[in-house]
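Written out below as C-alpha cells is the structure these notes cover.
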Amino acid sequence: MLVPLGLLALPIVASASHLRERSQAPSFIGPFDKINLTAPDGSISASLLSFGATLTNLWVPDRVGQKRDVVLGYDNTTVYADPPDKYWGPIVGRYANRIKNAAFQLDGKQYNISANEHGGLNSLHGGKVGWDLRPWTIEALNASSVTFSLLDPAGAMGFPATVEVRVTHNLLAGSKWRLEIDATADARTPLLISSHNYWNLDGYQDPDSSILNHTLHLPRALQYVKTDEILIPTGELPSVNGTAYDFTTSRPIGSRWNETWGYCGTGCQGYDNAFVQAASERVPEYLSPNADPALVFASPASGIRLSIHSDQPAIQLYTTSGFNGTIPRKESQGGPGETYGKWTAAVIELEGVIDAISHPEWGIDQVYGNGTEYRWADLPHGLCSNWRH
C-alpha cells in the first residue's frame, strides 16, 4: 500500500487570464540558460530551458525525505540543440507521436508534412524541426513559475495554419507541480500536444536502475492502439484483456516481459504503445483530486509514486528499448561515469489517440482553429514518498 507523504500535482489546463496576471520575464535569459524554480515551501524544485520549453531536472523527496532527480536529461544544455537522443523533456508538437506516410487529408486537400522517421515513411513529434527544437519566448517568470510561448507559422513542417501555444510550469506548496497548456490556430489544423519526459523514480540512486520493477496501473485503459512493425497504427483498437497490455490491475512493468516481444516494433522487447481509456470514463469528474487516477507509476525502491488524473483519451508508454548505454547520465543521476541503459526509464505521454487524423473511422476530431481552442486538462500528477507492502 502507498501512503502519501507529499503530493506533486501537474494539472494541465488552459487559462489565458492566468497568463496575463504573471510578472513580465527578464530578457537576458538565453535559450540554453537554466531557469530554476522552487515551490514556496521548498518541497519541490525544477530546472527548465526556454529551448523546447524543456524540463531538465525535477527534484522530489523519497521515502526518507532525500531529494531525487527523477527525469532524464543532459548536463550540457547546448546538447539539446543537437542531441544524441531526442525528446528528453520538451513539449512535442504540433502533432505528437506518429502520422502515417507523413501526410493527411483536411477539407479535401492533402498535406505532405516533414517525414523524419523510418526513411520517410512517417512523421514523428511534429517533423524534423518540431516544437522540441524551437526557441520559445519567456513570457513571465518568478521564483516558482515560468510561462513559455511559441508562434508556429503556417507552412512550418508542412502543416497549415499559424498556431500560438502557451505553456506554464508552476510549483506549489506541498510538492505540487501545475503544468498548463493552451493553443489556438488562425485556421483549421490538426493538433496533438504532449510533454515528453523520461522518468526513473529511483533517480538512478539504487544499484538496479531498471524500471522493470516499477509498478504501473492503468485502471481505465481497456484498449490499445494496434501498430505495425514500425509502430504505425493499423486502425484496430483491441481489448487489453488477456494480453501483456493489461495494466487494469497494478503490476510490475516487467511481470509479463517475455510476452512483449514485438510490442515496440519488429525484433523489439518492451512497450512503445498507446493505451486508450474507456470513453465513458473520460468525463470532467475524473479531473477531481478526489477521483481515482488514470495512471499510477511507482517505485518500491525509492517509495516514489507518480499518479495522474486526466481527461486525455490516450496514454503512451515507452520503456526505452532504444537506449544502448552510450549516453552519459547527468551528474545528479550518477554521471558522467555511468550511462543510461536499456529499459532504465519510461516515457509517459498523456495525449489524444495517436494518428487519429489518419483514421476517420474512429470518429475522433483532432482539427482545431476558427475559434476552437486546444485545451489539455490533467490533474493531478501526484508523487507520494512512502511505500508500504
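Chain labels A, B, ... are given in the sequence in which chains occur in the C-alpha cells; within each chain residues are numbered consecutively from 1, and ligands are likewise numbered from 1 in the order shown.
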(request) Would you please give, as an MDAnalysis selection string, all residues of range 190-369 of chain A that DSSP assigns to helix (DSSP H, G or I) based on the backbone? (result) chainID A and resid 253:259 279:281 284:287 331:333 356:358 360:362
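Between CA of Glu139 in chain A and CA of Val60 in chain A lies a distance of 26.1 Å.
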Interface rows for range 192-247 of chain A against range 274-279 of chain A: nearest pair, Å to one decimal, 9 Å, only C-alpha atoms, as CSV:
residue,atom,partner,partner_atom,distance
A:Leu218,CA,A:Gln277,CA,8.5
A:Pro219,CA,A:Gln277,CA,8.5
A:Arg220,CA,A:Gln277,CA,5.1
A:Ala221,CA,A:Gln277,CA,4.1
A:Leu222,CA,A:Gln277,CA,5.9
A:Gln223,CA,A:Val276,CA,5.1
A:Tyr224,CA,A:Phe275,CA,4.2
A:Val225,CA,A:Ala274,CA,5.5
A:Lys226,CA,A:Ala274,CA,8.3
A:Leu237,CA,A:Val276,CA,8.1
A:Val240,CA,A:Phe275,CA,8.7
A:Tyr245,CA,A:Phe275,CA,8.1
Output for the residues just chosen: C-alpha atoms as a PDB file, in the first residue's frame:
ATOM      1  CA  LEU A 218      -3.907   1.997 -15.869  1.00  0.00           C
ATOM      2  CA  PRO A 219      -7.323   1.209 -14.394  1.00  0.00           C
ATOM      3  CA  ARG A 220      -9.392   2.626 -17.278  1.00  0.00           C
ATOM      4  CA  ALA A 221      -7.121   1.678 -20.203  1.00  0.00           C
ATOM      5  CA  LEU A 222      -9.318  -1.044 -21.657  1.00  0.00           C
ATOM      6  CA  GLN A 223      -7.959  -0.913 -25.230  1.00  0.00           C
ATOM      7  CA  TYR A 224      -4.686  -0.289 -27.003  1.00  0.00           C
ATOM      8  CA  VAL A 225      -3.762   1.040 -30.442  1.00  0.00           C
ATOM      9  CA  LYS A 226      -2.523  -1.867 -32.538  1.00  0.00           C
ATOM     10  CA  LEU A 237      -8.261  -0.877 -31.188  1.00  0.00           C
ATOM     11  CA  VAL A 240      -6.166  -5.401 -23.452  1.00  0.00           C
ATOM     12  CA  TYR A 245      -1.050  -4.741 -22.432  1.00  0.00           C
TER      13      TYR A 245
END
Taking a cut-off of 10 Å and counting only C-alpha atoms, can you build a table that, for each residue of range 47-84 of chain A near range 189-196 of chain A, reports the nearest atom pair and how far apart they are in Å (one decimal), sorted by chain then residue number, as JSON lines?
{"residue": "A:Ala53", "atom": "CA", "partner": "A:Ser195", "partner_atom": "CA", "distance": 9.3}
{"residue": "A:Thr54", "atom": "CA", "partner": "A:Ser195", "partner_atom": "CA", "distance": 8.8}
{"residue": "A:Leu55", "atom": "CA", "partner": "A:His196", "partner_atom": "CA", "distance": 9.0}
(request) Give the strand (DSSP E or B) residues of range 11-257 of chain A, as DSSP finds them on the backbone, and put them as an MDAnalysis selection string. (result) chainID A and resid 24 35:38 45:49 51 54:61 67:69 71 91:92 95 98:100 103:106 109:112 117 122:124 135 137:142 145:152 163:172 176:185 189:190 192 194:195 198:199 215:217 221:224 227 233 239 251:252
(message) Please list as a VMD selection string every residue within 10 Å of Ile211 in chain A, counting only C-alpha atoms and excluding residues in the same chain fewer than 2 positions away.
(response) chain A and resid 199 to 202 204 208 to 209 213 to 215 252 to 254 298 to 299 319 to 320 342 to 346
(request) Can you pull out every residue within 7 Å of range 168-174 of chain A, counting only C-alpha atoms, but drop anything in the same chain fewer than 3 positions away, and send it as a PyMOL selection string? (result) chain A and resi 6-7+38-41+43+144-148+177-181
May I have the selected residues written with C-alpha atoms, as a short mmCIF file (atom, residue, chain, number, x, y, z; two decimals), in the first residue's frame?
data_model
loop_
_atom_site.label_atom_id
_atom_site.label_comp_id
_atom_site.auth_asym_id
_atom_site.auth_seq_id
_atom_site.Cartn_x
_atom_site.Cartn_y
_atom_site.Cartn_z
CA GLY A 6 3.68 14.71 -0.15
CA LEU A 7 1.83 15.46 -3.38
CA THR A 38 11.30 26.19 -6.30
CA ALA A 39 7.95 25.82 -4.59
CA PRO A 40 7.23 28.41 -1.86
CA ASP A 41 7.78 25.79 0.85
CA SER A 43 9.20 20.90 -1.22
CA SER A 144 8.13 29.32 -8.64
CA SER A 145 6.60 29.74 -12.10
CA VAL A 146 7.51 30.30 -15.74
CA THR A 147 5.40 30.78 -18.87
CA PHE A 148 6.73 29.98 -22.35
CA TRP A 177 3.61 20.95 -9.98
CA ARG A 178 0.95 22.51 -12.18
CA LEU A 179 1.51 22.41 -15.94
CA GLU A 180 -0.89 24.43 -18.08
CA ILE A 181 -1.07 24.30 -21.88
#
(request) Write out as a PyMOL selection string each polymer residue whose atoms come within 12 Å of Pro360 in chain A, counting only C-alpha atoms; drop sequence neighbours fewer than 4 positions from it. (result) chain A and resi 104-106+235+353+355-356+364-367
(request) Just the residues within 7 Å of Ala115 in chain A, please, counting only C-alpha atoms, with nothing from its chain fewer than 5 positions along; format it as a PyMOL selection string. (result) chain A and resi 102+120-123+127
Put those residues in a file: C-alpha atoms, as a compact mmCIF listing (two decimals), in the first residue's frame.
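Dumped everything to again-v1.txt:
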# COMPACT_ATOMS: atom_id res chain seq x y z
CA ALA A 102 3.76 11.84 -43.20
CA GLY A 120 10.45 8.96 -44.72
CA LEU A 121 7.60 6.52 -44.01
CA ASN A 122 6.09 8.69 -41.27
CA SER A 123 6.27 11.90 -39.29
CA GLY A 127 8.59 16.64 -38.01
(request) Determine the nearest neighbour of Asp292 in chain A from the options A:Ile308, A:Ala244, A:Cys264, A:Leu151, counting only C-alpha atoms. (result)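 Answer, going by the shortest atom-to-atom distance: A:Ile308.
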